[in-house]
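Below is one structure, written out as structure tokens, with a few remarks after it.
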Amino acid sequence: MVVQARDGLLDFLKRHPEIAMKSAESLSGSRAKLTREYIKSWFQQLETFLKESNAQSILQDPSRILNGDESGFSICPKTGKVLGLKGHNLYSVKQGNEKENLTVLMTFTGDGRISPPVVVFPYIRPPKALVESMPADWILGKSETGWMRSDVFFEYVANGLNDWLTRQNIQKPVLFLVDWHRSHMSIELSRFCDENGIIIYALPPNATHLLQPADVYLNP
């Protein structure tokens with residue numbers, strides 16, 4: 001019976017090449033409640049904002065549309081499965097704090113350019129060897145936990161991203177899309193961006209799985 005079901009599934013997939021086996025993503029209730037109307041409204045609000053800012057030309061130039069996205073990496077990742085005798089517990093001794101994290105934030109342009117990242121380490125005083133091993137144009141961030149903070153994000157935009165935009169000869173103003181998180185927002189950053197032609201615009205809450213350009217792509 002199992003063999004017949006498997007063969008039937010394979011035959012079905014052969015007849016419908018547009019269908020593929022995939023793993024379903026887990027969504028929170030708030031993400032699952034997103035509507036097409038809500039997303040359309042966000043795009044309309046963005047276009048209206050750019051018109052009122054006299055910056056609608058940004059939408060015609062993909063090099064001026066940026067997306068910043070960050071990922072966190074555990075310093076002490078969970079141990080994978082191992083083989084052992086039944087009835088005996090197995091342990092793995094970890095060398096660091098289980099809550100320590102390392103965050104990497106990168107920015108991409110609509111035409112495929114990638115700016116140097118900021119790497120946030122869980123050190124207030126990073127080891128000298130670590131600092132010296134980083135590429136010269138990368139930004140070193142520091143926080144107690146390794147998570148992104150508003151002061152680290154400001155340093156990245158002011159001393160990393162802004163300089164990179166100049167070196168790339170990208171016309172300003174630019175649109176910088178980020179997710180809606182308090183670590184990305186501060187009065188100091190807002191003032192700097194106003195003075196330097198960087199329009200920070202937050203993606204709608206609970207919608208990055210659909211609208212985060214760095215996460216979402218279409219297969220050809």
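Identifiers for the structure tokens are assigned positionally: chains receive A, B, ... in sequence, residues are indexed from 1 per chain, and ligands are indexed from 1 in the order shown.
The protein and nucleic acid residues lying at most 6 Å from A:Phe176 are Leu66, Asn67, Ile199 and Ile200 of chain A, with only C-alpha atoms considered and sequence neighbours fewer than 3 positions away removed.
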Shortest interatomic distance to A:Phe43 - which of A:Leu140, A:Val120, A:Ile114, A:Ala202, counting only C-alpha atoms: A:Ala202
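Ranking A:Phe154, A:Tyr201, A:Phe192, A:Trp147 by their shortest atom-to-atom distance to A:Ser71, with only C-alpha atoms included, puts A:Trp147 first.
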Just want the 8 Å neighbourhood of A:Pro122, counted on only C-alpha atoms, with same-chain residues fewer than 5 positions away dropped. Output as an NGL selection string. :A and (100-102 or 142-147)
Find the residue from A:Leu59, A:Thr103, A:Gly141, A:Ser190 that sits nearest to A:Phe73; use only C-alpha atoms when measuring.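 Checking each candidate against A:Phe73, we get A:Thr103 as the closest.
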Rounded to one decimal place, report the atom CA of A:Asp179-atom CA of A:Ser133 distance in Å. 29.8 Å
Non-local contacts of A:Phe108 (9 Å; only C-alpha atoms; under 3 positions in same chain excluded) as a PyMOL selection string: chain A and resi 65-69+111-115+213-214
Next, write the just-selected residues to a file, as a short mmCIF file (atom, residue, chain, number, x, y, z; two decimals), in the first residue's frame, keeping N, CA, C and O atoms as the atom set.
data_model
loop_
_atom_site.label_atom_id
_atom_site.label_comp_id
_atom_site.auth_asym_id
_atom_site.auth_seq_id
_atom_site.Cartn_x
_atom_site.Cartn_y
_atom_site.Cartn_z
N ILE A 65 17.58 51.64 -4.38
CA ILE A 65 16.69 50.92 -3.47
C ILE A 65 17.51 49.89 -2.71
O ILE A 65 18.07 48.96 -3.31
N LEU A 66 17.60 50.05 -1.41
CA LEU A 66 18.45 49.21 -0.58
C LEU A 66 17.60 48.43 0.43
O LEU A 66 16.54 48.90 0.85
N ASN A 67 18.09 47.27 0.79
CA ASN A 67 17.46 46.49 1.85
C ASN A 67 18.53 45.99 2.80
O ASN A 67 19.48 45.34 2.39
N GLY A 68 18.36 46.33 4.09
CA GLY A 68 19.27 45.81 5.11
C GLY A 68 18.61 44.68 5.85
O GLY A 68 17.46 44.77 6.29
N ASP A 69 19.33 43.57 6.00
CA ASP A 69 18.77 42.40 6.67
C ASP A 69 19.85 41.79 7.55
O ASP A 69 21.02 41.73 7.17
N ASP A 111 19.97 46.49 -7.76
CA ASP A 111 20.71 46.02 -8.95
C ASP A 111 21.80 45.01 -8.58
O ASP A 111 22.68 44.71 -9.38
N GLY A 112 21.75 44.47 -7.35
CA GLY A 112 22.61 43.34 -7.00
C GLY A 112 23.92 43.66 -6.32
O GLY A 112 24.74 42.76 -6.13
N ARG A 113 24.15 44.88 -5.91
CA ARG A 113 25.39 45.19 -5.21
C ARG A 113 25.24 44.86 -3.72
O ARG A 113 24.15 44.92 -3.16
N ILE A 114 26.37 44.51 -3.10
CA ILE A 114 26.37 44.12 -1.69
C ILE A 114 27.37 44.99 -0.95
O ILE A 114 28.55 45.04 -1.29
N SER A 115 26.89 45.68 0.07
CA SER A 115 27.79 46.54 0.85
C SER A 115 28.52 45.72 1.90
O SER A 115 28.03 44.65 2.32
N PRO A 213 13.15 41.97 0.72
CA PRO A 213 13.83 41.64 -0.54
C PRO A 213 15.00 40.68 -0.37
O PRO A 213 15.25 39.84 -1.23
N ALA A 214 15.73 40.77 0.74
CA ALA A 214 16.89 39.89 0.95
C ALA A 214 16.47 38.46 1.26
O ALA A 214 17.29 37.55 1.16
#
What separates atom CA of A:Leu189 and atom CA of A:Thr48 is a distance of 22.7 Å
